[in-house]
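Q: Take this structure, written in C-alpha cells, and hold onto it; I'll ask about it next.
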Amino acid sequence: MNNEYPSDLQEAIKFHGHLCPGLAIGYRAAKAAQARLGIDRAEDEELVAVVESDGCGIDAVQALLSCTLGKGNLIYRDYGKQVYTVIGRKRGVGVRLAMKPGPFRRTPEQEAVFQRAVNGEASEEEEKAFREFQKKRVDEILAEDVNELFKIEDISPTPPGKARIFKSVTCELCGETIMEPRARIRDGKVVCIPCSETYSRGW
Ligand SMILES: [Zn+2]
Ligand SMILES: [Zn+2]
C-alpha cells in the first residue's frame, strides 16, 4: 500500500481493490460531502447517499461514508451520471455533487490507447503509457480544487413519499408478473427488464 495517501483513501483502496481515477472521484465527493454536512460516517444510518452511476467511485462512498447497499442507505439510480447526493437525515441537510466534464477528458490519442487497454489489445508499451496516464489522472483528481471537480449545491432533502401501489402487468415473453413502472417495451411488446435485454447493470 502506498503510504503517501491518507488513511481514509487507503481504506477505500482496500475496499475497492485498486486505485483508479473513478475511485479518486468518489473519494473527493465523499470528502466534500463530509465537510459540507459536518458529518463523518453513517454509523446509525444518519447519512443516506443517492448515486446515479455504478462506477468505481461508489466504493469510496461506501468505504468513507458507510452508506452501503446492505444497510439500505445507499440508493442507486441507473442514470449513468457521476452525481452524488448525500443527505444527513436527522438534521435535514443535503448536498448534491455533479462531476464536471474535466476530470475524464482525454485527447483522441489517449482515448485510442485507453480503448485498446480496456479491450486488452494494447501493446506492452501502450499498457505502460495507459498505467502512467491513469496514475497521473488520479494525482490530478486528488490535488484539484473540489469546485473544479464538481458542481456543488446544497439541497433540502424531501422526506420519502408514501409507498405507492402499482398495477401489475404480465411480461409477454416470460409470462412473469411485473409492477407496471418496471415494465419495458421491446418490439412493441410489454416485457420485464431481463427480457428487454437493454444495457443495464442495475440491482
Ligand atoms: Zn476502479
Ligand atoms: Zn420477461
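Ligands are numbered from 1 in the order shown, residues from 1 within each chain, and chains are lettered A, B, ... in the order they appear in the C-alpha cells.
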Taking 5 positions as the minimum chain separation for residues in the same chain, which residues sit within 8 Å of segment 44-57 of chain A when counting only C-alpha atoms? Answer as a ChimeraX atom specification.
A: /A:16,20,22-27,65,67,71,73-90,201-202
Q: Give me a file of those residues, with N, CA and C atoms, as a PDB file, in the first residue's frame.
A:
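File written: result.pdb
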```
ATOM      1  N   HIS A  16     -12.035  -1.289  -2.443  1.00  0.00           N
ATOM      2  CA  HIS A  16     -12.302  -1.343  -3.888  1.00  0.00           C
ATOM      3  C   HIS A  16     -11.385  -2.322  -4.616  1.00  0.00           C
ATOM      4  N   CYS A  20      -7.944   3.966  -8.826  1.00  0.00           N
ATOM      5  CA  CYS A  20      -8.179   4.354 -10.220  1.00  0.00           C
ATOM      6  C   CYS A  20      -8.822   5.741 -10.210  1.00  0.00           C
ATOM      7  N   GLY A  22     -11.700   6.742 -11.130  1.00  0.00           N
ATOM      8  CA  GLY A  22     -13.088   6.676 -10.657  1.00  0.00           C
ATOM      9  C   GLY A  22     -13.161   6.655  -9.139  1.00  0.00           C
ATOM     10  N   LEU A  23     -12.307   5.849  -8.525  1.00  0.00           N
ATOM     11  CA  LEU A  23     -12.297   5.782  -7.059  1.00  0.00           C
ATOM     12  C   LEU A  23     -11.877   7.133  -6.488  1.00  0.00           C
ATOM     13  N   ALA A  24     -10.911   7.781  -7.145  1.00  0.00           N
ATOM     14  CA  ALA A  24     -10.429   9.088  -6.678  1.00  0.00           C
ATOM     15  C   ALA A  24     -11.557  10.119  -6.716  1.00  0.00           C
ATOM     16  N   ILE A  25     -12.378  10.085  -7.755  1.00  0.00           N
ATOM     17  CA  ILE A  25     -13.524  10.999  -7.858  1.00  0.00           C
ATOM     18  C   ILE A  25     -14.519  10.733  -6.721  1.00  0.00           C
ATOM     19  N   GLY A  26     -14.823   9.477  -6.495  1.00  0.00           N
ATOM     20  CA  GLY A  26     -15.751   9.116  -5.421  1.00  0.00           C
ATOM     21  C   GLY A  26     -15.206   9.539  -4.060  1.00  0.00           C
ATOM     22  N   TYR A  27     -13.896   9.395  -3.906  1.00  0.00           N
ATOM     23  CA  TYR A  27     -13.238   9.806  -2.663  1.00  0.00           C
ATOM     24  C   TYR A  27     -13.391  11.309  -2.448  1.00  0.00           C
ATOM     25  N   LEU A  65     -18.267   6.864   3.845  1.00  0.00           N
ATOM     26  CA  LEU A  65     -19.487   7.364   4.476  1.00  0.00           C
ATOM     27  C   LEU A  65     -20.276   6.263   5.164  1.00  0.00           C
ATOM     28  N   CYS A  67     -22.262   4.408   3.791  1.00  0.00           N
ATOM     29  CA  CYS A  67     -23.556   4.285   3.129  1.00  0.00           C
ATOM     30  C   CYS A  67     -23.433   3.047   2.255  1.00  0.00           C
ATOM     31  N   LYS A  71     -27.088  -1.866   4.146  1.00  0.00           N
ATOM     32  CA  LYS A  71     -27.797  -1.113   5.187  1.00  0.00           C
ATOM     33  C   LYS A  71     -28.991  -0.355   4.637  1.00  0.00           C
ATOM     34  N   ASN A  73     -28.877   2.438   3.075  1.00  0.00           N
ATOM     35  CA  ASN A  73     -28.701   3.900   2.996  1.00  0.00           C
ATOM     36  C   ASN A  73     -27.808   4.292   1.821  1.00  0.00           C
ATOM     37  N   LEU A  74     -27.732   3.396   0.833  1.00  0.00           N
ATOM     38  CA  LEU A  74     -27.118   3.722  -0.450  1.00  0.00           C
ATOM     39  C   LEU A  74     -28.184   3.432  -1.507  1.00  0.00           C
ATOM     40  N   ILE A  75     -28.586   4.471  -2.188  1.00  0.00           N
ATOM     41  CA  ILE A  75     -29.635   4.307  -3.191  1.00  0.00           C
ATOM     42  C   ILE A  75     -29.024   4.503  -4.563  1.00  0.00           C
ATOM     43  N   TYR A  76     -29.231   3.528  -5.424  1.00  0.00           N
ATOM     44  CA  TYR A  76     -28.620   3.547  -6.750  1.00  0.00           C
ATOM     45  C   TYR A  76     -29.669   3.846  -7.807  1.00  0.00           C
ATOM     46  N   ARG A  77     -29.411   4.886  -8.582  1.00  0.00           N
ATOM     47  CA  ARG A  77     -30.270   5.181  -9.724  1.00  0.00           C
ATOM     48  C   ARG A  77     -29.421   5.009 -10.972  1.00  0.00           C
ATOM     49  N   ASP A  78     -29.892   4.222 -11.909  1.00  0.00           N
ATOM     50  CA  ASP A  78     -29.104   3.857 -13.087  1.00  0.00           C
ATOM     51  C   ASP A  78     -29.228   4.937 -14.162  1.00  0.00           C
ATOM     52  N   TYR A  79     -28.684   6.120 -13.873  1.00  0.00           N
ATOM     53  CA  TYR A  79     -28.775   7.225 -14.827  1.00  0.00           C
ATOM     54  C   TYR A  79     -27.479   7.407 -15.614  1.00  0.00           C
ATOM     55  N   GLY A  80     -26.429   6.673 -15.240  1.00  0.00           N
ATOM     56  CA  GLY A  80     -25.153   6.833 -15.928  1.00  0.00           C
ATOM     57  C   GLY A  80     -24.557   8.212 -15.751  1.00  0.00           C
ATOM     58  N   LYS A  81     -24.824   8.838 -14.599  1.00  0.00           N
ATOM     59  CA  LYS A  81     -24.281  10.173 -14.333  1.00  0.00           C
ATOM     60  C   LYS A  81     -23.415  10.125 -13.087  1.00  0.00           C
ATOM     61  N   GLN A  82     -22.303  10.841 -13.136  1.00  0.00           N
ATOM     62  CA  GLN A  82     -21.429  10.916 -11.956  1.00  0.00           C
ATOM     63  C   GLN A  82     -21.979  11.972 -11.014  1.00  0.00           C
ATOM     64  N   VAL A  83     -23.087  11.634 -10.378  1.00  0.00           N
ATOM     65  CA  VAL A  83     -23.721  12.554  -9.435  1.00  0.00           C
ATOM     66  C   VAL A  83     -23.869  11.847  -8.093  1.00  0.00           C
ATOM     67  N   TYR A  84     -23.458  12.550  -7.059  1.00  0.00           N
ATOM     68  CA  TYR A  84     -23.526  12.008  -5.702  1.00  0.00           C
ATOM     69  C   TYR A  84     -24.358  12.967  -4.854  1.00  0.00           C
ATOM     70  N   THR A  85     -25.432  12.472  -4.287  1.00  0.00           N
ATOM     71  CA  THR A  85     -26.225  13.287  -3.370  1.00  0.00           C
ATOM     72  C   THR A  85     -26.117  12.645  -1.991  1.00  0.00           C
ATOM     73  N   VAL A  86     -25.738  13.441  -1.007  1.00  0.00           N
ATOM     74  CA  VAL A  86     -25.603  12.898   0.337  1.00  0.00           C
ATOM     75  C   VAL A  86     -26.503  13.705   1.265  1.00  0.00           C
ATOM     76  N   ILE A  87     -27.281  12.976   2.051  1.00  0.00           N
ATOM     77  CA  ILE A  87     -28.282  13.597   2.905  1.00  0.00           C
ATOM     78  C   ILE A  87     -28.008  13.210   4.357  1.00  0.00           C
ATOM     79  N   GLY A  88     -28.034  14.216   5.234  1.00  0.00           N
ATOM     80  CA  GLY A  88     -27.985  13.961   6.668  1.00  0.00           C
ATOM     81  C   GLY A  88     -29.418  13.918   7.159  1.00  0.00           C
ATOM     82  N   ARG A  89     -29.886  12.713   7.426  1.00  0.00           N
ATOM     83  CA  ARG A  89     -31.320  12.518   7.654  1.00  0.00           C
ATOM     84  C   ARG A  89     -31.852  13.276   8.869  1.00  0.00           C
ATOM     85  N   LYS A  90     -31.117  13.136   9.991  1.00  0.00           N
ATOM     86  CA  LYS A  90     -31.639  13.728  11.229  1.00  0.00           C
ATOM     87  C   LYS A  90     -31.683  15.242  11.167  1.00  0.00           C
ATOM     88  N   ARG A 201     -26.959  -2.355 -15.645  1.00  0.00           N
ATOM     89  CA  ARG A 201     -26.301  -3.150 -14.633  1.00  0.00           C
ATOM     90  C   ARG A 201     -26.926  -2.856 -13.276  1.00  0.00           C
ATOM     91  N   GLY A 202     -28.151  -2.394 -13.318  1.00  0.00           N
ATOM     92  CA  GLY A 202     -28.808  -2.025 -12.064  1.00  0.00           C
ATOM     93  C   GLY A 202     -29.070  -3.234 -11.189  1.00  0.00           C
TER      94      GLY A 202
END
```
Q: Excluding segment 169-172 of chain A and its own-chain neighbours fewer than 2 positions away, which residues fall within 7 Å of it when counting only C-alpha atoms? Please give them as a PyMOL selection string.
A: chain A and resi 167+174-180+189-192
Q: Restrict the selected residues to N, CA and C atoms and save them as a JSON list (two decimals), in the first residue's frame.
A:
```json
[["chain", "number", "residue", "atom", "x", "y", "z"],
["A", 167, "LYS", "N", -50.06, -1.07, -10.46],
["A", 167, "LYS", "CA", -50.72, -2.16, -11.18],
["A", 167, "LYS", "C", -49.68, -3.21, -11.58],
["A", 174, "CYS", "N", -41.81, -13.90, -20.96],
["A", 174, "CYS", "CA", -41.62, -14.99, -20.00],
["A", 174, "CYS", "C", -42.88, -15.28, -19.19],
["A", 175, "GLY", "N", -43.89, -14.42, -19.30],
["A", 175, "GLY", "CA", -45.15, -14.69, -18.61],
["A", 175, "GLY", "C", -45.13, -14.37, -17.13],
["A", 176, "GLU", "N", -44.04, -13.78, -16.62],
["A", 176, "GLU", "CA", -43.99, -13.47, -15.20],
["A", 176, "GLU", "C", -44.58, -12.08, -14.93],
["A", 177, "THR", "N", -44.96, -11.89, -13.68],
["A", 177, "THR", "CA", -45.64, -10.64, -13.31],
["A", 177, "THR", "C", -44.64, -9.56, -12.92],
["A", 178, "ILE", "N", -44.89, -8.35, -13.35],
["A", 178, "ILE", "CA", -44.02, -7.22, -13.03],
["A", 178, "ILE", "C", -44.88, -6.03, -12.62],
["A", 179, "MET", "N", -44.32, -5.16, -11.74],
["A", 179, "MET", "CA", -45.06, -3.95, -11.46],
["A", 179, "MET", "C", -44.91, -3.00, -12.65],
["A", 180, "GLU", "N", -45.99, -2.33, -12.97],
["A", 180, "GLU", "CA", -46.09, -1.58, -14.21],
["A", 180, "GLU", "C", -44.93, -0.60, -14.45],
["A", 189, "LYS", "N", -43.81, -5.09, -27.61],
["A", 189, "LYS", "CA", -44.37, -5.99, -26.59],
["A", 189, "LYS", "C", -44.02, -5.46, -25.20],
["A", 190, "VAL", "N", -44.94, -5.67, -24.24],
["A", 190, "VAL", "CA", -44.65, -5.33, -22.85],
["A", 190, "VAL", "C", -43.81, -6.46, -22.26],
["A", 191, "VAL", "N", -42.62, -6.13, -21.78],
["A", 191, "VAL", "CA", -41.73, -7.17, -21.26],
["A", 191, "VAL", "C", -41.11, -6.74, -19.93],
["A", 192, "CYS", "N", -40.56, -7.73, -19.21],
["A", 192, "CYS", "CA", -39.84, -7.42, -17.98],
["A", 192, "CYS", "C", -38.43, -6.96, -18.33]]
```
Q: Neighbours of Pro6 of chain A within 12 Å (only C-alpha atoms; same-chain residues fewer than 4 positions away dropped), as a list in words?
A: Met1, Asn2, Gln10, Glu11, Ala12, Ile13, Tyr27, Lys31, Leu64 and Leu142 of chain A
Q: With only C-alpha atoms as the atoms that count, which of A:Arg116, A:Arg137, A:Arg186, A:His18 lies nearest to Ala60 of chain A?
A: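 For Ala60 of chain A, the nearest of the candidates is A:His18.
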Q: Using only C-alpha atoms and all ligand atoms, which of the listed residues (A:Asn119, A:Gln134, A:Arg91, A:Arg184) sits closest to ligand 1?
A: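 Under the stated criterion, the closest residue is A:Gln134.
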Q: Can you pull out every residue within 10 Å of Phe114 of chain A, counting only C-alpha atoms, but drop anything in the same chain fewer than 2 positions away, and send it as a compact mmCIF listing (two decimals) with N, CA and C atoms, in the first residue's frame?
A:
```txt
# COMPACT_ATOMS: atom_id res chain seq x y z
N ARG A 106 -10.11 13.16 -22.38
CA ARG A 106 -8.90 12.56 -22.96
C ARG A 106 -8.69 13.11 -24.36
N PRO A 108 -7.71 12.53 -28.34
CA PRO A 108 -8.02 11.38 -29.20
C PRO A 108 -6.97 10.27 -29.11
N GLU A 109 -5.69 10.64 -28.97
CA GLU A 109 -4.63 9.61 -28.86
C GLU A 109 -4.79 8.86 -27.55
N GLN A 110 -5.03 9.61 -26.46
CA GLN A 110 -5.21 8.96 -25.17
C GLN A 110 -6.43 8.04 -25.20
N GLU A 111 -7.48 8.53 -25.88
CA GLU A 111 -8.72 7.75 -25.98
C GLU A 111 -8.45 6.43 -26.70
N ALA A 112 -7.66 6.48 -27.77
CA ALA A 112 -7.36 5.27 -28.55
C ALA A 112 -6.60 4.27 -27.70
N ARG A 116 -7.90 0.54 -26.32
CA ARG A 116 -7.15 -0.70 -26.55
C ARG A 116 -6.78 -1.37 -25.24
N ALA A 117 -6.42 -0.55 -24.22
CA ALA A 117 -6.05 -1.12 -22.92
C ALA A 117 -7.26 -1.79 -22.27
N VAL A 118 -8.40 -1.12 -22.34
CA VAL A 118 -9.62 -1.67 -21.73
C VAL A 118 -10.03 -2.97 -22.43
N ASN A 119 -9.82 -3.04 -23.75
CA ASN A 119 -10.18 -4.23 -24.52
C ASN A 119 -9.08 -5.29 -24.52
N GLY A 120 -7.99 -5.02 -23.81
CA GLY A 120 -6.89 -5.97 -23.75
C GLY A 120 -6.13 -6.09 -25.05
N GLU A 121 -6.17 -5.06 -25.87
CA GLU A 121 -5.49 -5.12 -27.17
C GLU A 121 -4.23 -4.26 -27.20
N ALA A 122 -3.88 -3.65 -26.07
CA ALA A 122 -2.75 -2.72 -26.07
C ALA A 122 -1.43 -3.47 -26.06
N GLU A 126 2.01 0.44 -24.81
CA GLU A 126 0.76 1.18 -24.62
C GLU A 126 0.20 0.92 -23.22
N GLU A 127 0.32 -0.32 -22.75
CA GLU A 127 -0.13 -0.66 -21.39
C GLU A 127 0.58 0.22 -20.37
N ALA A 129 1.99 3.13 -20.94
CA ALA A 129 1.54 4.51 -21.12
C ALA A 129 0.17 4.70 -20.46
N PHE A 130 -0.68 3.69 -20.61
CA PHE A 130 -2.02 3.73 -20.02
C PHE A 130 -1.94 3.81 -18.49
N ARG A 131 -1.10 2.97 -17.90
CA ARG A 131 -0.97 2.97 -16.44
C ARG A 131 -0.44 4.30 -15.93
N PHE A 133 -0.76 7.17 -17.44
CA PHE A 133 -1.84 8.13 -17.65
C PHE A 133 -2.85 8.06 -16.51
N GLN A 134 -3.23 6.85 -16.13
CA GLN A 134 -4.21 6.66 -15.05
C GLN A 134 -3.66 7.20 -13.73
```
Q: Taking the DSSP secondary structure from the backbone, can you list the residues of segment 60-148 of chain A that are helix (DSSP H, G or I), as a VMD selection string?
A: chain A and resid 60 to 65 102 to 104 108 to 118 124 to 143 146 to 148
Q: Go ahead and save the picked residues with C-alpha atoms, as a compact mmCIF listing (two decimals), in the first residue's frame.
A:
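Final output, saved to selection_24.txt:
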```txt
# COMPACT_ATOMS: atom_id res chain seq x y z
CA ALA A 60 -15.36 5.25 -1.95
CA VAL A 61 -18.82 6.41 -0.81
CA GLN A 62 -19.41 3.03 0.82
CA ALA A 63 -15.98 2.94 2.48
CA LEU A 64 -15.88 6.54 3.72
CA LEU A 65 -19.49 7.36 4.48
CA GLY A 102 -12.90 17.92 -16.95
CA PRO A 103 -11.57 15.02 -14.88
CA PHE A 104 -12.13 12.35 -17.53
CA PRO A 108 -8.02 11.38 -29.20
CA GLU A 109 -4.63 9.61 -28.86
CA GLN A 110 -5.21 8.96 -25.17
CA GLU A 111 -8.72 7.75 -25.98
CA ALA A 112 -7.36 5.27 -28.55
CA VAL A 113 -4.81 3.85 -26.09
CA PHE A 114 -7.46 3.80 -23.36
CA GLN A 115 -9.85 1.77 -25.54
CA ARG A 116 -7.15 -0.70 -26.55
CA ALA A 117 -6.05 -1.12 -22.92
CA VAL A 118 -9.62 -1.67 -21.73
CA GLU A 124 3.23 -3.62 -23.67
CA GLU A 125 4.33 -0.08 -24.37
CA GLU A 126 0.76 1.18 -24.62
CA GLU A 127 -0.13 -0.66 -21.39
CA LYS A 128 2.68 1.18 -19.67
CA ALA A 129 1.54 4.51 -21.12
CA PHE A 130 -2.02 3.73 -20.02
CA ARG A 131 -0.97 2.97 -16.44
CA GLU A 132 1.08 6.15 -16.27
CA PHE A 133 -1.84 8.13 -17.65
CA GLN A 134 -4.21 6.66 -15.05
CA LYS A 135 -1.76 7.35 -12.23
CA LYS A 136 -1.31 10.95 -13.38
CA ARG A 137 -5.08 11.39 -13.60
CA VAL A 138 -5.51 10.05 -10.05
CA ASP A 139 -2.92 12.54 -8.76
CA GLU A 140 -4.63 15.38 -10.63
CA ILE A 141 -8.03 14.46 -9.20
CA LEU A 142 -6.64 14.25 -5.66
CA ALA A 143 -4.91 17.63 -5.98
CA VAL A 146 -13.09 20.49 -5.32
CA ASN A 147 -15.10 23.23 -7.08
CA GLU A 148 -13.29 22.40 -10.32
```
